[in-house]
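Below is one structure, written out as structure tokens; the observations come after it.
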Amino acid sequence: MENPGIPRNTIAILRKHQFHIRKKLGQNFLTDPCVLAKILHAARISEEDCVLEIGPGIGTLTRALAEAAGKVVAVEIDKELIPILEETLADCQNVTVLNHDVLKLDLRELTGRIRGGGSLKVVANLPYYITTPILMKLLESKLALESITVMVQEEVAKRLQSGPGTKDYGSLSLAAQYYAEVRTVAKVPPDCFHPRPGVGSAVVQLAPYPEPSVKVREERFLFALIRASFQQRRKTLVNGLSNAAALGITKETAARALAETGLPPAIRGEALTLEQFAALAEYFLYTSST
């Protein structure tokens with residue numbers, strides 16, 4: 001099978017199968033072998049690994065993974081791509097393709113069934129329209145992943161790694177950094193894809209921590225607190241928390257919490273570190289239980 005990741009081969013395969021690219025599914029197929037090599041180098045795939053790929057497209061990355069890994073399971077939502085994958089992966093005996101929506105799959109059951117005794121890694125060119133839900137499902141499912149190496153929009157890459165006081169800092173930054181160490185592997189310009197997307201991309205790698213980076217009694221409450229703090233970004237933290245009806249926190253209680261945890265009364269949520277959010281969460285949980 002000729003390399004489907006070379007631009008002329010990508011176009012030929014799509015034409016052969018009369019495949020119409022669907023923008024709503026974020027279908028932009030990688031056509032740069034150098035970027036592919038960077039992804040594989042960062043993921044450090046070995047024959048001991050089982051790899052979960054999300055959104056294999058026409059199988060360009062899948063074939064490369066199959067050459068290095070012991071087993072590859074590729075989850076593709078678009079049934080129109082399945083015949084193409086059957087062709088491009090015909091000689092890859094260690095690949096299983098599942099025609100499913102990854103957000104509706106029980107990932108703990110799936111990965112428990114496929115991983116065997118080896119390491120489990122995620123490597124993917126993620127569909128951009130659902131990047132955040134996929135990443136959060138991977139992290140929140142606590143799958144004992146060794147690493148997650150994925151292509152995302154450059155804007156998302158910045159958000160994943162941003163710190164307090166920056167314009168890209170927000171709920172996603174804190175959630176990712178709660179679960180994993182995040183780094184950028186490579187920046188990828190639009191002309192590395194077919195069709196060419198309107199934005200730049202980046203390959204990021206998340207290395208999940210054995211335990212979350214901060215300790216809290218209730219993760220759900222911590223993230224509810226974080227979301228409330230960023231919903232009205234330009235408001236003070238006191239106003240943001242008191243305006244979130246689901247939290248049931250009054251202005252007076254919020255102001256007292258800031259004082260007790262050593263935070264300025266007019267501080268905004270975007271200025272808090274993950275550790276400070278955890279301290280606030282613990283304060284509210286402690287006071288509500290006493």
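Convention: chains lettered A, B, ... in structure tokens order; per-chain residue numbering from 1; ligands numbered from 1 as shown.
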Next item on the list: Find the residues near Thr62 (chain A): any atom within 9 Å, counting only C-alpha atoms, skip ones fewer than 5 places away on the same chain, and give them as a list in words.
Entry: Glu53, Pro56, Gly57, Glu67, Val72, Val73, Ala74, Leu89, Val95 and Ala124 of chain A
Item checked: DSSP helix (DSSP H, G or I) residues within region 19-256 of chain A, as a ChimeraX atom specification -> /A:23-25,33-43,60-68,79-88,102-104,107-114,128-140,154-161,171-179,190-192,219-231,237-242,245-247,251-256
Next item on the list: Kindly give the distance, in Å, that separates CA of Asn9 (chain A) and CA of Glu155 (chain A), rounded to a single decimal.
Entry: 29.5 Å
Per residue of region 28-140 of chain A within 12 Å of region 185-188 of chain A, which atom pair is closest and at what distance in Å (one decimal), using only C-alpha atoms, listed by chain and increasing number, as a Markdown table?
| residue | atom | partner | partner_atom | distance |
| --- | --- | --- | --- | --- |
| A:Leu30 | CA | A:Val188 | CA | 9.9 |
| A:Thr31 | CA | A:Val188 | CA | 11.1 |
| A:Asp32 | CA | A:Val188 | CA | 9.4 |
| A:Pro33 | CA | A:Val188 | CA | 11.8 |
| A:Cys34 | CA | A:Val188 | CA | 10.1 |
| A:Val35 | CA | A:Val188 | CA | 7.3 |
| A:Leu36 | CA | A:Ala186 | CA | 10.5 |
| A:Ala37 | CA | A:Ala186 | CA | 10.7 |
| A:Lys38 | CA | A:Ala186 | CA | 7.3 |
| A:Ile39 | CA | A:Val185 | CA | 7.6 |
| A:Leu40 | CA | A:Val185 | CA | 10.6 |
| A:His41 | CA | A:Val185 | CA | 9.5 |
| A:Ala42 | CA | A:Val185 | CA | 6.9 |
| A:Ala43 | CA | A:Val185 | CA | 9.7 |
| A:Asn125 | CA | A:Val188 | CA | 11.5 |
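Distances here use only C-alpha atoms; by that measure, the residue among A:Asp101, A:Glu270, A:Glu87, A:Glu76 closest to Gly163 (chain A) is A:Glu270.
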Note to self: Which residues are near Thr111 (chain A)? Cut-off 9 Å, only C-alpha atoms, ignore same chain within fewer than 5 positions. Put them as a PyMOL selection string.
What the structure shows: chain A and resi 50+52+106+116+120+143
Check: Arg159 (chain A): which residues within 6 Å, counting only C-alpha atoms, same-chain residues fewer than 4 positions away excluded, as a PyMOL selection string?
Finding: chain A and resi 168-169+173
Item checked: All residues 12 Å or closer to Ile226 (chain A), only C-alpha atoms, same chain fewer than 3 positions away omitted, as a PyMOL selection string -> chain A and resi 169-175+178+219-223+229-233+237+240-241+244+247+268-281
Checklist line | Minimum-distance residue to Ile134 (chain A), chosen among A:Lys104, A:Arg115, A:Lys158, A:His20 (using only C-alpha atoms) | finding: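 Using only C-alpha atoms, Ile134 (chain A) sits closest to A:Lys104.
Of the residues under consideration (A:Ile45, A:Leu105, A:Ala64, A:Val216), A:Ala64 shows the shortest atom-to-atom contact distance to Asn3 (chain A) when counting only C-alpha atoms.
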Next item on the list: Within 7 Å of Thr149 (chain A), counting only C-alpha atoms, which residues show up once you throw out same-chain ones fewer than 6 positions away? Write them as a list in words, please.
Entry: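 Residues near the query, excluding close chain neighbours: Ala43, Val122, Val123, Ala124, Val203, Val204, Gln205 and Leu206 of chain A.
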Next item on the list: Would you mind listing what lies within 8 Å of Glu146 (chain A) as number ranges by chain, with only C-alpha atoms counted and same-chain residues fewer than 6 positions away left out?
Entry: A: 119-121, 207-208
Output C-alpha atoms for every residue in that selection, as a PDB file, in the first residue's frame.
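Saved the output as part.pdb:
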ATOM      1  CA  SER A 119       1.437   0.235  28.141  1.00  0.00           C
ATOM      2  CA  LEU A 120      -1.590   2.136  26.895  1.00  0.00           C
ATOM      3  CA  LYS A 121      -1.078   5.342  24.899  1.00  0.00           C
ATOM      4  CA  ALA A 207       1.586  12.834  30.636  1.00  0.00           C
ATOM      5  CA  PRO A 208      -1.052  11.908  33.230  1.00  0.00           C
TER       6      PRO A 208
END
Checklist line | Closest of A:Arg22, A:Lys71, A:Lys79, A:His100 to Gly118 (chain A) - atom-to-atom distances counting only C-alpha atoms | finding: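 Among A:Arg22, A:Lys71, A:Lys79, A:His100, it is A:Lys71 that comes nearest to Gly118 (chain A).
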